[in-house]
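Some notes on the structure that comes next.
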Amino acid sequence: MAAGAKGAARSMGDEPGLNITAEGGRSRLVARGRWVTSRLAGVAGELDRVRPSPAGGATIDLAEVTAMDTAGAWLIERTRVLLAANGGEVELTGVKPDHLRLIERVRRAGMPEPLPPRRRPTLVDTVANLGKATIDSLARGGEMLSFLGAVVTTWARLWIRPNRIRFTSLVSHIEQVGLDAMPIVGLITFLVGVVLAYQGVDQLRRFGAEVFTVDLVAISVLREMGILLTAIMVAGRSGSAFTAQIGTMQVNEEVDAMRTMGLDPIEVLVLPRVMALVISVPLLTFFANMMALVGGGLMAMVLIDITPTQFINQTRQAIGMWTFWVGIIKAPVFAFLIGMVGCFEGLKVKGSAESVGRLTTQSVVEGIFLVIVFDAFFSILFSYIGI
Amino acid sequence: MDSGTNREPIIEIRDLVNRFGRQVIHDGLNLEVARGEVIGVVGGSGTGKSVLLRTIVGLNRPASGRITVLGEEVTRLSDAEWRRMQTRWGVLFQGGALFSSLTVAENIQVPLKEHTDLPRSMIDEITALKIRLVGLPADAAGKYPSEISGGMRKRAGLARSLALDPELLFLDEPTAGLDPIGAAAFDQLIGDLQKSLGLTVFMVTHDLDSLHAICDRIAVLVDRKIKVGTMAELLQDQHPWIREYFHGPRARAAGVA
């Protein structure tokens, strides 16, 4: 019994070996020891020295082999085939029945084809990859545009028949993306307000203009920082969650099940999420702005000794109506982008759970990227129309 | 290999107790598997077939009891002993559990690279051999798990679990999800490899055809314990679940009863 011999010999530790001798035109190979996977490194060198035997044939003596597994059997069989390459006759002697059975099993499996060589990327591959990536990203852009179209038309349809809006789902998503995000968004913007005020005071003090720290904080927070930080947090928190949720449903074939029951995934899955974001993000942004102002204000009071009243008056002078609206107007647009990308990537999940992870990462990166690109567009637009 | 001639126990389970929270899965379970035998473990859903397998291979710590595998008590092994033990058994998980970021060939090479110091060229050769042994086409070697069918994934998983030529093979529902022809071929492959490599096989399954085709003995999980016997013995058993299982319409279809 092969396995029995293997178990018994395990402690003996006799290394495998191979002796090659030639007796009058006939090669004689004597194998000994344990021909098992973990030990075979020891005979690799000897095996490489085996050459096809001249016409006289060859003998492989296996009488001293104490254990053998498939890898060992394969090496013996391979050596036999190699020796016989010139047409000589190769004889196996002293082979134990268990070992013979293994050798025959390996022979029956046939000559394994060598593994395909590991590919090293060449310059051509690099160029080809670049081209492929370009075409892929163009195709993606196209897909995303058609998804945008589908979402917009479905939205328009719901506008006409609002009773088809999934209110339960909508409210639950508003809770998840809006209400539940308040602590983290509030804390982060508060801290950023503190940092802005601190840095502002530090720099403006050189001109004796510390009091304008309030202007700095108010304008930068209301126009840019509040909405940007909120959008980035939402992309990281909710955009990724959308991709993961819808992606998991894809993997479980839930989305396909939905389609076969005549439910439109865009209406059922995408719109409640996107709408929830479009409703929540402006509110979150407002909250974020206030928290940042509070943070900046507190810091300013500590550093430059102004009273709350002075702070409020200074803020009021610094900002106009549009300073506030410039920030808030961007919120629903960013929200729509994040929601769109999150759901789009989720619906793109195919097959394995691995792609859920990959696309979730992608959705966050793309979400934040789009938010910043659109923020730049808005800046240009606002400076063009002078607000 | 006939199980009658050699009764050296390769797995020995004594008074095993497994519980999750207040739910008792196994209560004083005893089982012995002899070297060279194929044992099939069956039982209704939730009777803890997979839990039993996971407990033996150390993925689940039992509440109490003693498990001896290949002569060593697995609950008391040091880390180094664990590593050595893990080279002596192979586990095939239900879906194959191939690493999705590696090709089939690279998957099979993982244990070879981790546990041996064989030269690169020899590892490649052994990998190619295992691919042949489990009946995978040669072009599967360079493919990723997502690019091959479920049946091929199981074969690749089997090749990986056989990479180090283990003495003991654990199979978790090897034929689940395969079409009947594929399942029969897989049964045949396992039976053939078991005989020619002298393996001991511990197989969790639902497939009556598999039980019939390759198992020497069958262990039935009932009432948080285990009942072991040959097919003929279990057919005579009066336990209601066992009667239902071995005399039901599916059993008749499989030509068991």
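Residues in the structure tokens are named by chain (A, B, ... in the order shown) and by number from 1 within that chain; ligands are numbered from 1 in the order shown.
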Checklist entry - Taking only C-alpha atoms into account, what are the residues of chain A at most 7 Å from chain B, put as number ranges by chain? => result A: 1-3, 37-38, 40-41, 69-71, 101-102, 105, 109, 112-116
Next on the checklist: Excluding Glu175 (chain A) and its own-chain neighbours fewer than 3 positions away, which residues fall within 12 Å of it when counting only C-alpha atoms? Please give them as a PyMOL selection string.
Outcome noted: chain A and resi 168-172+178-182+238+272-273+276-277+279-281+284
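Note that CA of Lys49 (chain B) and CA of Leu31 (chain B) are 12.8 Å apart.
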Considering only C-alpha atoms, return as a CSV table (one decimal) with C-alpha atoms, in the first residue's frame whatever protein or nucleic-acid residues lie within 12 Å of Arg259 (chain A), sequence-local ones (same chain, fewer than 6 positions apart) excluded.
```
chain,number,residue,atom,x,y,z
A,250,GLN,CA,-26.5,41.5,-9.3
A,253,GLU,CA,-29.3,37.5,-9.7
A,265,PRO,CA,-34.4,48.2,-11.8
A,266,ILE,CA,-33.9,51.9,-12.6
A,267,GLU,CA,-37.3,52.7,-11.2
A,268,VAL,CA,-37.0,50.4,-8.2
A,269,LEU,CA,-33.3,50.5,-7.3
```
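Distances to Val373 (chain A) were evaluated for A:Arg140, A:Lys350, A:His99, A:Lys330 using only C-alpha atoms, and the minimum falls at A:Lys330.
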Item to check | helix (DSSP H, G or I) per DSSP on the backbone: members of region 100-239 of chain B, as number ranges by chain | outcome: B: 104-115, 120-133, 138-140, 145-147, 150-161, 180-197, 208-214, 231-235
Next on the checklist: List as a ChimeraX atom specification the protein and nucleic acid residues near Thr230 (chain B), meaning an atom at most 7 Å away when only C-alpha atoms are counted, but skip any in the same chain fewer than 4 places from it.
Outcome noted: /B:216-218,234
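Going from CA of Arg84 (chain B) to CA of Leu169 (chain B) covers 15.1 Å.
Close contacts of Gly42 (chain A), defined as residues with an atom at most 9 Å away when counting only C-alpha atoms, with chain neighbours fewer than 4 positions off set aside, comprise Glu15, Pro16, Gly17 and Glu46 of chain A; Leu118 of chain B.
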Could you give me the residues within region 27-213 of chain B that DSSP places in strand (DSSP E or B), as a PDB file with C-alpha atoms, in the first residue's frame?
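Just written: result-v3.pdb:
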```pdb
ATOM      1  CA  ASP B  27     -23.479  16.010  20.887  1.00  0.00           C
ATOM      2  CA  GLY B  28     -21.021  13.273  21.729  1.00  0.00           C
ATOM      3  CA  LEU B  29     -20.299  12.285  18.170  1.00  0.00           C
ATOM      4  CA  ASN B  30     -17.927   9.352  17.525  1.00  0.00           C
ATOM      5  CA  LEU B  31     -16.437   8.389  14.189  1.00  0.00           C
ATOM      6  CA  GLU B  32     -13.512   6.363  12.936  1.00  0.00           C
ATOM      7  CA  VAL B  33     -12.219   6.385   9.383  1.00  0.00           C
ATOM      8  CA  ALA B  34      -9.785   3.687   8.339  1.00  0.00           C
ATOM      9  CA  VAL B  38     -13.929   6.327   1.210  1.00  0.00           C
ATOM     10  CA  ILE B  39     -16.483   7.570   3.679  1.00  0.00           C
ATOM     11  CA  GLY B  40     -19.509   9.555   2.625  1.00  0.00           C
ATOM     12  CA  VAL B  41     -21.166  11.852   5.163  1.00  0.00           C
ATOM     13  CA  VAL B  42     -24.860  12.566   4.642  1.00  0.00           C
ATOM     14  CA  GLY B  43     -27.553  14.256   6.674  1.00  0.00           C
ATOM     15  CA  SER B  64     -15.235  19.603  23.528  1.00  0.00           C
ATOM     16  CA  GLY B  65     -14.089  16.228  22.316  1.00  0.00           C
ATOM     17  CA  ARG B  66     -10.972  14.730  20.820  1.00  0.00           C
ATOM     18  CA  ILE B  67     -10.062  14.554  17.140  1.00  0.00           C
ATOM     19  CA  THR B  68      -7.069  12.540  16.006  1.00  0.00           C
ATOM     20  CA  VAL B  69      -5.989  12.764  12.383  1.00  0.00           C
ATOM     21  CA  GLU B  72      -1.977  13.337  15.912  1.00  0.00           C
ATOM     22  CA  GLU B  73      -4.515  15.145  18.008  1.00  0.00           C
ATOM     23  CA  TRP B  89      -4.244  16.463   3.696  1.00  0.00           C
ATOM     24  CA  GLY B  90      -6.037  18.212   0.885  1.00  0.00           C
ATOM     25  CA  VAL B  91      -9.403  19.965   1.098  1.00  0.00           C
ATOM     26  CA  LEU B  92     -11.748  20.603  -1.805  1.00  0.00           C
ATOM     27  CA  LEU B 168      -6.158  12.222   3.172  1.00  0.00           C
ATOM     28  CA  LEU B 169      -8.623  14.104   1.021  1.00  0.00           C
ATOM     29  CA  PHE B 170     -11.618  16.080   2.292  1.00  0.00           C
ATOM     30  CA  LEU B 171     -14.359  16.847  -0.196  1.00  0.00           C
ATOM     31  CA  ASP B 172     -17.272  19.164   0.551  1.00  0.00           C
ATOM     32  CA  THR B 200      -8.392   8.107   2.215  1.00  0.00           C
ATOM     33  CA  VAL B 201     -11.412  10.189   1.287  1.00  0.00           C
ATOM     34  CA  PHE B 202     -13.797  11.977   3.631  1.00  0.00           C
ATOM     35  CA  MET B 203     -16.657  13.240   1.531  1.00  0.00           C
ATOM     36  CA  VAL B 204     -19.648  15.338   2.511  1.00  0.00           C
TER      37      VAL B 204
END
```
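Summary of the local environment: counting only C-alpha atoms, residues at most 10 Å from Met144 (chain A), other than itself and those fewer than 3 positions away along its chain, are Leu138, Ala139, Arg140, Gly141, Phe147, Leu148, Gly149, Ala150, Met340, Val341, Phe344 and Glu345 of chain A.
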Checklist entry - Expressed in Å to a single decimal, how great is the separation between CA of Thr361 (chain A) and CA of Thr243 (chain A)? => result 9.0 Å
Next on the checklist: So that I can check the surroundings of Gly71 (chain B), please list as a PyMOL selection string every protein, DNA and RNA residue that reaches within 9 Å of it, counting only C-alpha atoms and ignoring chain neighbours fewer than 3 positions away.
Outcome noted: chain B and resi 9-12+68
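The nearest approach to Val177 (chain A) among the residues A:Met291, A:Ala231, A:Val201, A:Leu62, with only C-alpha atoms taken into account, belongs to A:Ala231.
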